[in-house]
Every structure is written in structure tokens, then in C-alpha cells.
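J.: Got a structure for you, start_37.pdb, holding PDB, C-alpha atoms.
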```
ATOM      1  CA  MET A   1      74.694 173.531  39.424
ATOM      2  CA  SER A   2      75.127 177.211  38.604
ATOM      3  CA  ALA A   3      71.384 177.542  37.996
ATOM      4  CA  ILE A   4      70.686 176.105  41.443
ATOM      5  CA  SER A   5      73.221 178.415  43.096
ATOM      6  CA  THR A   6      71.597 181.367  41.356
ATOM      7  CA  THR A   7      68.075 180.332  42.326
ATOM      8  CA  LEU A   8      68.741 179.656  46.008
ATOM      9  CA  PRO A   9      69.730 183.227  46.974
ATOM     10  CA  GLY A  10      66.659 184.581  45.222
ATOM     11  CA  LEU A  11      64.436 182.036  46.952
ATOM     12  CA  ARG A  12      66.045 182.848  50.296
ATOM     13  CA  ARG A  13      65.520 186.569  49.717
ATOM     14  CA  ARG A  14      61.829 186.091  48.830
ATOM     15  CA  THR A  15      61.371 183.888  51.903
ATOM     16  CA  VAL A  16      62.900 186.514  54.193
ATOM     17  CA  ILE A  17      60.797 189.285  52.652
ATOM     18  CA  GLY A  18      57.660 187.197  53.015
ATOM     19  CA  ALA A  19      58.517 186.458  56.624
ATOM     20  CA  ARG A  20      59.056 190.131  57.363
ATOM     21  CA  HIS A  21      55.674 191.005  55.891
ATOM     22  CA  SER A  22      53.809 188.221  57.656
ATOM     23  CA  VAL A  23      55.332 188.645  61.129
ATOM     24  CA  PRO A  24      53.241 191.653  62.276
ATOM     25  CA  GLY A  25      49.948 190.101  61.231
ATOM     26  CA  ALA A  26      50.940 186.779  62.761
ATOM     27  CA  LEU A  27      51.734 188.458  66.076
ATOM     28  CA  SER A  28      48.368 190.222  66.070
ATOM     29  CA  LEU A  29      46.685 186.901  65.327
ATOM     30  CA  VAL A  30      48.506 185.223  68.205
ATOM     31  CA  ALA A  31      47.604 188.079  70.569
ATOM     32  CA  MET A  32      43.980 187.901  69.421
ATOM     33  CA  ILE A  33      43.794 184.139  70.063
ATOM     34  CA  VAL A  34      45.464 184.422  73.481
ATOM     35  CA  ILE A  35      43.116 187.199  74.613
ATOM     36  CA  PHE A  36      40.089 185.303  73.304
ATOM     37  CA  VAL A  37      41.127 182.153  75.171
ATOM     38  CA  ILE A  38      41.620 184.088  78.416
ATOM     39  CA  ALA A  39      38.230 185.739  77.986
ATOM     40  CA  ALA A  40      36.579 182.380  77.300
ATOM     41  CA  VAL A  41      38.142 180.854  80.406
ATOM     42  CA  ASN A  42      36.796 183.704  82.507
ATOM     43  CA  GLN A  43      33.359 183.580  80.887
ATOM     44  CA  PRO A  44      32.571 180.358  78.986
ATOM     45  CA  GLY A  45      29.230 181.825  77.915
ATOM     46  CA  ILE A  46      30.942 183.853  75.215
ATOM     47  CA  LEU A  47      31.580 180.617  73.276
ATOM     48  CA  SER A  48      28.229 180.882  71.549
ATOM     49  CA  VAL A  49      26.726 182.732  68.611
ATOM     50  CA  TYR A  50      25.127 185.222  70.978
ATOM     51  CA  GLY A  51      28.287 185.680  73.050
ATOM     52  CA  ILE A  52      30.555 186.264  70.062
ATOM     53  CA  THR A  53      27.979 188.642  68.605
ATOM     54  CA  LEU A  54      28.053 190.733  71.770
ATOM     55  CA  MET A  55      31.860 190.761  71.789
ATOM     56  CA  LEU A  56      32.402 191.757  68.173
ATOM     57  CA  THR A  57      29.451 194.009  67.336
ATOM     58  CA  ALA A  58      31.360 197.167  68.252
ATOM     59  CA  ALA A  59      34.314 196.018  66.139
ATOM     60  CA  VAL A  60      32.421 196.299  62.831
ATOM     61  CA  PRO A  61      32.267 200.118  62.498
ATOM     62  CA  LEU A  62      35.753 200.352  63.977
ATOM     63  CA  LEU A  63      37.040 197.927  61.342
ATOM     64  CA  LEU A  64      35.593 200.016  58.518
ATOM     65  CA  ALA A  65      37.271 203.110  59.950
ATOM     66  CA  ALA A  66      40.554 201.233  60.463
ATOM     67  CA  GLN A  67      40.609 199.991  56.867
ATOM     68  CA  ALA A  68      40.028 203.601  55.777
ATOM     69  CA  GLN A  69      42.959 204.691  57.933
ATOM     70  CA  MET A  70      45.054 201.887  56.435
ATOM     71  CA  LEU A  71      44.457 203.217  52.918
ATOM     72  CA  ILE A  72      45.485 206.717  53.975
ATOM     73  CA  MET A  73      48.590 205.431  55.759
ATOM     74  CA  SER A  74      49.595 203.290  52.780
ATOM     75  CA  VAL A  75      50.348 206.463  50.793
ATOM     76  CA  GLY A  76      52.375 207.852  53.690
ATOM     77  CA  ASP A  77      49.629 210.100  55.103
ATOM     78  CA  ILE A  78      47.584 209.972  58.270
ATOM     79  CA  ASP A  79      43.987 211.004  59.007
ATOM     80  CA  LEU A  80      43.538 212.745  62.349
ATOM     81  CA  GLY A  81      39.927 213.615  61.630
ATOM     82  CA  ILE A  82      38.418 210.207  60.971
ATOM     83  CA  GLY A  83      36.873 209.911  64.433
ATOM     84  CA  GLN A  84      35.018 213.230  64.173
ATOM     85  CA  LEU A  85      33.993 212.358  60.619
ATOM     86  CA  VAL A  86      32.390 209.096  61.737
ATOM     87  CA  GLY A  87      30.584 211.035  64.465
ATOM     88  CA  LEU A  88      29.271 213.511  61.883
ATOM     89  CA  VAL A  89      27.956 210.656  59.741
ATOM     90  CA  THR A  90      26.015 209.258  62.710
ATOM     91  CA  VAL A  91      24.458 212.702  63.179
ATOM     92  CA  ILE A  92      23.538 212.931  59.492
ATOM     93  CA  ALA A  93      22.024 209.446  59.692
ATOM     94  CA  ALA A  94      19.915 210.422  62.728
ATOM     95  CA  THR A  95      18.753 213.748  61.296
ATOM     96  CA  LEU A  96      18.940 214.434  57.574
ATOM     97  CA  LEU A  97      18.586 210.828  56.404
ATOM     98  CA  SER A  98      15.399 210.572  58.454
ATOM     99  CA  THR A  99      13.795 213.927  57.668
ATOM    100  CA  ASP A 100      15.145 214.592  54.167
ATOM    101  CA  PRO A 101      16.812 211.505  52.654
ATOM    102  CA  ALA A 102      17.873 213.278  49.459
ATOM    103  CA  LEU A 103      19.647 216.008  51.422
ATOM    104  CA  GLY A 104      21.211 213.392  53.687
ATOM    105  CA  VAL A 105      22.623 211.442  50.739
ATOM    106  CA  LEU A 106      23.880 214.706  49.236
ATOM    107  CA  ALA A 107      25.656 215.511  52.517
ATOM    108  CA  LEU A 108      27.376 212.125  52.533
ATOM    109  CA  VAL A 109      28.459 212.550  48.920
ATOM    110  CA  GLY A 110      29.753 215.997  49.838
ATOM    111  CA  ILE A 111      31.945 214.460  52.540
ATOM    112  CA  VAL A 112      33.517 212.135  49.988
ATOM    113  CA  ALA A 113      34.066 215.081  47.622
ATOM    114  CA  VAL A 114      35.763 217.079  50.389
ATOM    115  CA  TYR A 115      38.171 214.189  50.955
ATOM    116  CA  GLY A 116      39.041 214.269  47.280
ATOM    117  CA  LEU A 117      39.736 217.993  47.592
ATOM    118  CA  LEU A 118      41.914 217.359  50.645
ATOM    119  CA  ALA A 119      43.987 214.937  48.588
ATOM    120  CA  VAL A 120      44.549 217.611  45.928
ATOM    121  CA  ILE A 121      45.638 220.109  48.587
ATOM    122  CA  VAL A 122      48.028 217.606  50.160
ATOM    123  CA  GLN A 123      49.524 216.632  46.787
ATOM    124  CA  LYS A 124      49.598 219.953  44.970
ATOM    125  CA  ARG A 125      50.302 222.348  47.838
ATOM    126  CA  ASN A 126      52.495 220.025  49.910
ATOM    127  CA  VAL A 127      50.320 220.573  52.973
ATOM    128  CA  PRO A 128      51.067 217.829  55.534
ATOM    129  CA  SER A 129      48.129 215.448  55.795
ATOM    130  CA  ILE A 130      48.287 215.702  59.586
ATOM    131  CA  ILE A 131      47.599 219.451  59.393
ATOM    132  CA  ALA A 132      44.882 219.152  56.745
ATOM    133  CA  THR A 133      42.968 216.347  58.446
ATOM    134  CA  LEU A 134      43.395 217.832  61.912
ATOM    135  CA  GLY A 135      41.892 221.077  60.674
ATOM    136  CA  MET A 136      39.017 219.201  59.066
ATOM    137  CA  SER A 137      38.350 217.364  62.324
ATOM    138  CA  PHE A 138      37.186 220.659  63.852
ATOM    139  CA  VAL A 139      35.021 221.281  60.792
ATOM    140  CA  TRP A 140      33.405 217.845  61.090
ATOM    141  CA  LEU A 141      32.785 218.357  64.813
ATOM    142  CA  GLY A 142      31.346 221.828  64.280
ATOM    143  CA  LEU A 143      28.961 220.636  61.591
ATOM    144  CA  ALA A 144      27.842 217.715  63.740
ATOM    145  CA  LEU A 145      27.137 219.951  66.740
ATOM    146  CA  GLN A 146      25.271 222.397  64.513
ATOM    147  CA  LEU A 147      22.986 219.622  63.279
ATOM    148  CA  LEU A 148      22.614 217.882  66.638
ATOM    149  CA  PRO A 149      23.960 219.742  69.703
ATOM    150  CA  THR A 150      23.143 216.849  72.037
ATOM    151  CA  PRO A 151      23.021 213.094  71.373
ATOM    152  CA  GLY A 152      19.679 211.966  70.039
ATOM    153  CA  GLY A 153      17.673 211.851  66.856
ATOM    154  CA  ALA A 154      16.443 208.693  65.206
ATOM    155  CA  THR A 155      17.908 206.707  62.348
ATOM    156  CA  PRO A 156      15.778 205.541  59.394
ATOM    157  CA  GLU A 157      14.036 202.216  59.738
ATOM    158  CA  TRP A 158      16.060 200.614  56.953
ATOM    159  CA  LEU A 159      19.270 201.484  58.770
ATOM    160  CA  GLY A 160      17.994 199.941  61.991
ATOM    161  CA  GLN A 161      17.200 196.723  60.151
ATOM    162  CA  LEU A 162      20.858 196.490  59.158
ATOM    163  CA  SER A 163      21.990 195.987  62.744
ATOM    164  CA  ALA A 164      18.937 193.855  63.546
ATOM    165  CA  TRP A 165      20.118 191.094  61.198
ATOM    166  CA  ARG A 166      21.039 188.196  63.453
ATOM    167  CA  PRO A 167      21.486 184.760  61.834
ATOM    168  CA  THR A 168      21.202 181.899  64.311
ATOM    169  CA  TRP A 169      23.973 179.734  62.880
ATOM    170  CA  ILE A 170      26.829 182.250  62.718
ATOM    171  CA  PRO A 171      27.599 185.515  64.549
ATOM    172  CA  ALA A 172      26.566 188.415  62.319
ATOM    173  CA  PRO A 173      29.695 190.487  63.157
ATOM    174  CA  VAL A 174      31.891 187.663  61.875
ATOM    175  CA  VAL A 175      30.122 187.826  58.509
ATOM    176  CA  TRP A 176      30.585 191.599  58.314
ATOM    177  CA  ILE A 177      34.228 191.407  59.423
ATOM    178  CA  VAL A 178      35.076 188.802  56.786
ATOM    179  CA  ALA A 179      33.255 190.755  54.062
ATOM    180  CA  ILE A 180      34.929 194.055  54.962
ATOM    181  CA  THR A 181      38.362 192.440  55.103
ATOM    182  CA  LEU A 182      37.839 190.764  51.728
ATOM    183  CA  VAL A 183      36.814 194.024  50.070
ATOM    184  CA  ALA A 184      39.785 195.878  51.579
ATOM    185  CA  TRP A 185      42.129 193.060  50.511
ATOM    186  CA  LEU A 186      40.840 193.158  46.933
ATOM    187  CA  ILE A 187      41.298 196.932  46.805
ATOM    188  CA  ALA A 188      44.729 197.088  48.422
ATOM    189  CA  LYS A 189      46.311 193.842  47.249
ATOM    190  CA  ARG A 190      44.608 192.618  44.094
ATOM    191  CA  SER A 191      43.931 195.737  42.055
ATOM    192  CA  ARG A 192      46.062 197.987  39.890
ATOM    193  CA  PHE A 193      44.904 200.888  42.032
ATOM    194  CA  GLY A 194      46.260 199.156  45.146
ATOM    195  CA  THR A 195      49.666 198.710  43.484
ATOM    196  CA  ARG A 196      49.785 202.387  42.537
ATOM    197  CA  MET A 197      48.635 203.384  46.005
ATOM    198  CA  ARG A 198      51.504 201.515  47.660
ATOM    199  CA  ALA A 199      53.951 202.858  45.080
ATOM    200  CA  LEU A 200      52.846 206.397  45.900
ATOM    201  CA  GLY A 201      53.727 205.759  49.522
ATOM    202  CA  SER A 202      57.080 204.095  48.870
ATOM    203  CA  SER A 203      58.441 205.632  45.658
ATOM    204  CA  PRO A 204      56.346 208.482  44.220
ATOM    205  CA  ALA A 205      59.129 209.559  41.838
ATOM    206  CA  THR A 206      59.210 206.119  40.224
ATOM    207  CA  LEU A 207      55.417 206.112  39.945
ATOM    208  CA  GLY A 208      55.509 209.514  38.275
ATOM    209  CA  ARG A 209      58.174 208.395  35.786
ATOM    210  CA  ALA A 210      55.923 205.482  34.872
ATOM    211  CA  GLY A 211      53.362 208.017  33.648
ATOM    212  CA  VAL A 212      50.885 207.581  36.501
ATOM    213  CA  SER A 213      49.256 210.717  37.899
ATOM    214  CA  LEU A 214      50.266 211.123  41.545
ATOM    215  CA  THR A 215      47.376 213.487  42.188
ATOM    216  CA  ARG A 216      44.801 211.094  40.743
ATOM    217  CA  THR A 217      46.206 208.195  42.776
ATOM    218  CA  ARG A 218      46.080 210.190  46.025
ATOM    219  CA  VAL A 219      42.568 211.470  45.255
ATOM    220  CA  LEU A 220      41.278 207.944  44.601
ATOM    221  CA  THR A 221      42.900 206.743  47.824
ATOM    222  CA  TYR A 222      41.274 209.489  49.864
ATOM    223  CA  VAL A 223      37.909 208.942  48.189
ATOM    224  CA  ALA A 224      38.028 205.199  48.897
ATOM    225  CA  ALA A 225      38.933 205.933  52.511
ATOM    226  CA  ALA A 226      36.082 208.444  52.794
ATOM    227  CA  VAL A 227      33.585 205.882  51.505
ATOM    228  CA  LEU A 228      34.723 203.393  54.146
ATOM    229  CA  ALA A 229      34.548 206.074  56.858
ATOM    230  CA  VAL A 230      31.011 207.010  55.811
ATOM    231  CA  LEU A 231      30.010 203.349  55.956
ATOM    232  CA  ALA A 232      31.564 203.151  59.432
ATOM    233  CA  GLY A 233      29.366 206.029  60.581
ATOM    234  CA  LEU A 234      26.240 204.479  59.093
ATOM    235  CA  VAL A 235      26.938 201.126  60.763
ATOM    236  CA  LEU A 236      27.622 202.820  64.098
ATOM    237  CA  ALA A 237      24.382 204.791  63.783
ATOM    238  CA  SER A 238      22.478 201.593  62.971
ATOM    239  CA  GLN A 239      23.797 200.061  66.201
ATOM    240  CA  THR A 240      23.024 203.028  68.453
ATOM    241  CA  GLN A 241      19.818 204.063  66.645
ATOM    242  CA  SER A 242      20.815 207.700  67.212
ATOM    243  CA  GLY A 243      23.418 210.304  66.403
ATOM    244  CA  ASP A 244      26.220 211.686  68.546
ATOM    245  CA  ALA A 245      28.951 214.072  67.438
ATOM    246  CA  ASN A 246      31.385 212.481  69.898
ATOM    247  CA  SER A 247      30.336 208.852  69.501
ATOM    248  CA  ALA A 248      33.545 207.947  67.661
ATOM    249  CA  SER A 249      35.975 210.464  69.111
ATOM    250  CA  ASN A 250      38.361 207.649  70.100
ATOM    251  CA  PHE A 251      38.351 206.115  66.631
ATOM    252  CA  THR A 252      41.230 208.274  65.401
ATOM    253  CA  LEU A 253      43.867 206.911  67.763
ATOM    254  CA  VAL A 254      42.384 203.409  67.907
ATOM    255  CA  THR A 255      42.397 203.028  64.110
ATOM    256  CA  ILE A 256      46.026 204.132  63.968
ATOM    257  CA  ALA A 257      46.880 201.599  66.684
ATOM    258  CA  ALA A 258      45.023 198.854  64.808
ATOM    259  CA  VAL A 259      46.888 199.560  61.568
ATOM    260  CA  ILE A 260      50.254 199.575  63.351
ATOM    261  CA  LEU A 261      49.390 196.371  65.228
ATOM    262  CA  GLY A 262      48.489 194.790  61.904
ATOM    263  CA  GLY A 263      51.845 195.567  60.327
ATOM    264  CA  GLY A 264      51.424 199.066  58.936
ATOM    265  CA  ASN A 265      53.810 201.945  59.422
ATOM    266  CA  PHE A 266      53.835 205.725  59.174
ATOM    267  CA  SER A 267      56.151 205.904  56.177
ATOM    268  CA  GLY A 268      53.694 204.349  53.715
ATOM    269  CA  GLY A 269      54.276 201.890  50.913
ATOM    270  CA  GLN A 270      52.577 198.975  52.660
ATOM    271  CA  SER A 271      49.016 197.858  53.265
ATOM    272  CA  PHE A 272      47.886 194.978  55.449
ATOM    273  CA  PRO A 273      44.080 194.586  55.329
ATOM    274  CA  ILE A 274      44.091 191.206  57.094
ATOM    275  CA  GLY A 275      46.582 192.369  59.710
ATOM    276  CA  THR A 276      44.481 195.479  60.318
ATOM    277  CA  THR A 277      41.475 193.245  60.944
ATOM    278  CA  PHE A 278      43.473 191.226  63.469
ATOM    279  CA  GLY A 279      44.488 194.493  65.131
ATOM    280  CA  VAL A 280      40.904 195.727  65.381
ATOM    281  CA  VAL A 281      39.576 192.450  66.761
ATOM    282  CA  THR A 282      42.466 192.277  69.233
ATOM    283  CA  LEU A 283      41.671 195.766  70.543
ATOM    284  CA  ALA A 284      37.965 194.889  70.775
ATOM    285  CA  LEU A 285      38.726 191.702  72.703
ATOM    286  CA  ILE A 286      41.022 193.597  75.081
ATOM    287  CA  THR A 287      38.090 195.820  76.014
ATOM    288  CA  VAL A 288      35.887 192.766  76.597
ATOM    289  CA  LEU A 289      38.553 190.999  78.656
ATOM    290  CA  LEU A 290      39.143 194.007  80.901
ATOM    291  CA  GLY A 291      35.422 194.179  81.531
ATOM    292  CA  LEU A 292      35.237 190.472  82.381
ATOM    293  CA  ILE A 293      37.972 190.709  85.004
ATOM    294  CA  ASN A 294      36.182 193.677  86.577
ATOM    295  CA  LEU A 295      39.088 196.059  86.164
ATOM    296  CA  SER A 296      38.119 199.553  87.246
ATOM    297  CA  SER A 297      37.310 201.948  84.429
ATOM    298  CA  SER A 298      40.074 204.295  85.587
ATOM    299  CA  LEU A 299      42.675 201.596  84.896
ATOM    300  CA  GLN A 300      41.258 200.131  81.687
ATOM    301  CA  SER A 301      42.870 202.688  79.365
ATOM    302  CA  ALA A 302      46.258 202.129  81.009
ATOM    303  CA  ALA A 303      45.869 198.364  80.737
ATOM    304  CA  GLN A 304      44.918 198.626  77.052
ATOM    305  CA  GLY A 305      47.993 200.731  76.393
ATOM    306  CA  ILE A 306      50.278 198.266  78.184
ATOM    307  CA  ILE A 307      48.914 195.323  76.176
ATOM    308  CA  VAL A 308      49.280 197.209  72.889
ATOM    309  CA  LEU A 309      52.850 198.193  73.773
ATOM    310  CA  ALA A 310      53.646 194.579  74.642
ATOM    311  CA  VAL A 311      52.408 193.384  71.234
ATOM    312  CA  LEU A 312      54.362 196.123  69.460
ATOM    313  CA  ALA A 313      57.491 195.243  71.422
ATOM    314  CA  GLY A 314      57.072 191.630  70.341
ATOM    315  CA  ARG A 315      56.738 192.804  66.744
ATOM    316  CA  ILE A 316      59.971 194.820  66.916
ATOM    317  CA  ILE A 317      61.923 191.972  68.497
ATOM    318  CA  THR A 318      60.597 189.416  66.019
ATOM    319  CA  GLU A 319      61.282 191.627  62.990
ATOM    320  CA  ARG A 320      64.877 192.141  64.127
ATOM    321  CA  PHE A 321      65.248 188.385  64.562
ATOM    322  CA  VAL A 322      63.932 187.789  61.026
ATOM    323  CA  ARG A 323      66.386 190.330  59.618
TER     324      ARG A 323
END
```
Take the structure in the file and write it out as C-alpha cells.

T.:
Amino acid sequence: MSAISTTLPGLRRRTVIGARHSVPGALSLVAMIVIFVIAAVNQPGILSVYGITLMLTAAVPLLLAAQAQMLIMSVGDIDLGIGQLVGLVTVIAATLLSTDPALGVLALVGIVAVYGLLAVIVQKRNVPSIIATLGMSFVWLGLALQLLPTPGGATPEWLGQLSAWRPTWIPAPVVWIVAITLVAWLIAKRSRFGTRMRALGSSPATLGRAGVSLTRTRVLTYVAAAVLAVLAGLVLASQTQSGDANSASNFTLVTIAAVILGGGNFSGGQSFPIGTTFGVVTLALITVLLGLINLSSSLQSAAQGIIVLAVLAGRIITERFVR
């Protein structure tokens, strides 16, 4: 009897904790389904491989960038330069990768190395990540404009073939979304690195006492995020077949919104790859829905903000109820 009485409180506690963690992602999933159903009612043609492909194609590079932002936020930091970085990668893809592939690859590797250096500065010099990444956003934009002052250029043929892949039996974006989410989930949830990354965001002192290098953990987190951001830029360039320094200028705020919608927070210590995916797809579907109902472009941003706030309000209310 005593064993049962001891087990029940522990089981109840684990159930409550699990519910708290699953609520945000579940709300994003519900919002995503509701928006998709409304969009399908307004335009039944989207219920096809071609229709879903059109709806979700733009979500693929955004998802890569959002998962990168999720990694940064899981250690308690935030990247305010990710949008300009993705834009720079599209420019590199449309210029250097076409004219001098070796130099283009070197430039992309250099971006990843710079992110590692940023992590050292943030960790060792206690520079707020917001300041460091905001400063780098101007660097990324300046480099992009130096390489390509106006939108244009041409991406390599192999990169164009990436976006040209269109299976007839399943929407290609769905395949990419599932693959990206699985990779992010394995990194954040099923690896020793992911455990250390979350510990750095929630209890760095405890992680340090365990003999784990805080600097190395932050550097690896930033490097992983940079790789995902570079991939986001390459995918975006493959879709547009050109480069544009400002092509992803809205990615910074949208990726933060997607992570928060998916269950993340600004304090760190948590990572929700699946929830982040739900957040990205929800935001992408909102854009499609607003277009289907012929809402004027001047009101679309306001409508998107209202819908996002409504989902977040539902998350807050539900989390308080669970507590």
C-alpha cells in the first residue's frame, strides 16, 4: 500500500509535466488543422498533391531557419540576424556558387565559423546575444549588397534541380518538412549534445559542475544553427532561382514567432522541434488563407498578428489550467 501511495504522486507529477510540455505543440497543431480546414472549404482545389505543394513550398526554407532559431533559443539566446543571413546565402548561391564554386563553398563555411566565434564572444565576454547577432545582421546585409546590389544572378543548375523535384504521389514539401523535423528532433531530443544544450539554457552552473565545457556547448549550438540557416538560404535560392539580400528579411521575427507558437520561450532550457514545425506550417497556412479570402495586403499583416496572438492567448490560458 505504501509503495502505491509513493508511486502515485510521482506518476501524477510526471503526467502534469508531460501535459505542460505537450500543450503548446498541441495548440499549434489544432490551430494548423483549423486553418487548413477553413482554407480547404474556401478552395477545395488545395486538397491535392499540387495544391498542398503550392501551399507549403515557402514553408521549407522558413522551417530550416526556425529550427535554427529554436536551437539558439534553447540555450537562452536569440538570433536577430538570421533573416539577413539567409538573404546573404541566397546571394552567395546566385553569384559565387555559380561563378566560383570553391570560393562559394568557402564563404558558406566562413559563415558557420563566424557563428562559432559569436558563441565564444557571447560566452566568454558576456555580450548579450541580441546585441551580437543584431550587429552581425548589418554585416550580413552589407556583404550581400556588396556582392549583389540588386536582386538577380542565377543559381547553379544542381541547386535548381533540388526545387524541381516533384513526386506525383506525395507533396514534395511534406517530405522535406518531415525530414527536417526528424533531424532537428534527433539533435535536440535524442542526443547527448541536445541534453547539454538544454542544460546550458536552464542550469549552466550545474552543467559546468558536471565537467562539461559551457563554451564548447554554446559553440556547437551556434554552429548547428548556422548550418541549418545556410541550408535555409540554399533552399530559398533554389526556389527563386536568384539571389536577393532582402529576400528573407521577415524571417527573423517569423522564426521567433514560430518557436514561441511551438512551445519555446525566451529563457531557454527547452526545445520543441515538432512544435516549431507546427508553428511554421500554421504561419504559412495563415498567409495562404488570407490570400484565399481576398483580404487586402494592407490588412494581412494585422490579421496574421491577431491570429498569432489568439493562439498564444490560448496557450497561456491552457497552461494555467494545467498547472

J.: Using 10 Å as the limit and counting all atoms listed in the file, can you tabulate each residue of region 69-169 of chain A that touches region 54-62 of chain A, with its shortest atom-to-atom distance in Å and the two atoms involved, as JSON lines?

T.:
```
{"residue": "A:Gly83", "atom": "CA", "partner": "A:Leu62", "partner_atom": "CA", "distance": 9.6}
{"residue": "A:Val86", "atom": "CA", "partner": "A:Pro61", "partner_atom": "CA", "distance": 9.0}
{"residue": "A:Ser163", "atom": "CA", "partner": "A:Thr57", "partner_atom": "CA", "distance": 9.0}
```

J.: Calculate how many Å separate CA of Ile33 (chain A) from CA of Val281 (chain A), rounding to one decimal.

T.: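 Separation of CA of Ile33 (chain A) and CA of Val281 (chain A): 9.9 Å.
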
J.: If I put a ball of radius 6 Å at (48.6, 202.3, 53.0) in the file's coordinates, which residues poke into it when counting only C-alpha atoms, written as a PyMOL selection string?

T.: chain A and resi 70-75+268+270-271

J.: Between A:Ala93, A:Val114, A:Val175, A:Ala102, single out the one closest to Ala154 (chain A), counting all atoms listed in the file.

T.: A:Ala93

J.: Output the residue selection produced by the PyMOL selection byres ((chain A and resi 166) around 12) on the file above, formatted as a list in words.

T.: Val49, Tyr50, Ile52, Thr53, Leu54, Thr57, Gln161, Leu162, Ser163, Ala164, Trp165, Pro167, Thr168, Trp169, Ile170, Pro171, Ala172, Pro173, Val174, Val175 and Trp176 of chain A

J.: Rounded to one decimal place, report the CA of Val178 (chain A)-CA of Gly279 (chain A) distance in Å.

T.: 13.8 Å

J.: Suppose you want the space between CA of Pro156 (chain A) and CA of Gly81 (chain A); what is it in Å?

T.: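 According to the coordinates, CA of Pro156 (chain A) and CA of Gly81 (chain A) are separated by 25.6 Å.
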
J.: With 8 Å of padding per side, what axis-aligned box (centre and edge lengths, Å, one decimal) covers all the listed atoms of region 238-250 of chain A? Give it as lines of an AutoDock Vina configuration file.

T.:
```
center_x = 29.1
center_y = 207.1
center_z = 66.5
size_x = 34.5
size_y = 30.0
size_z = 23.1
```
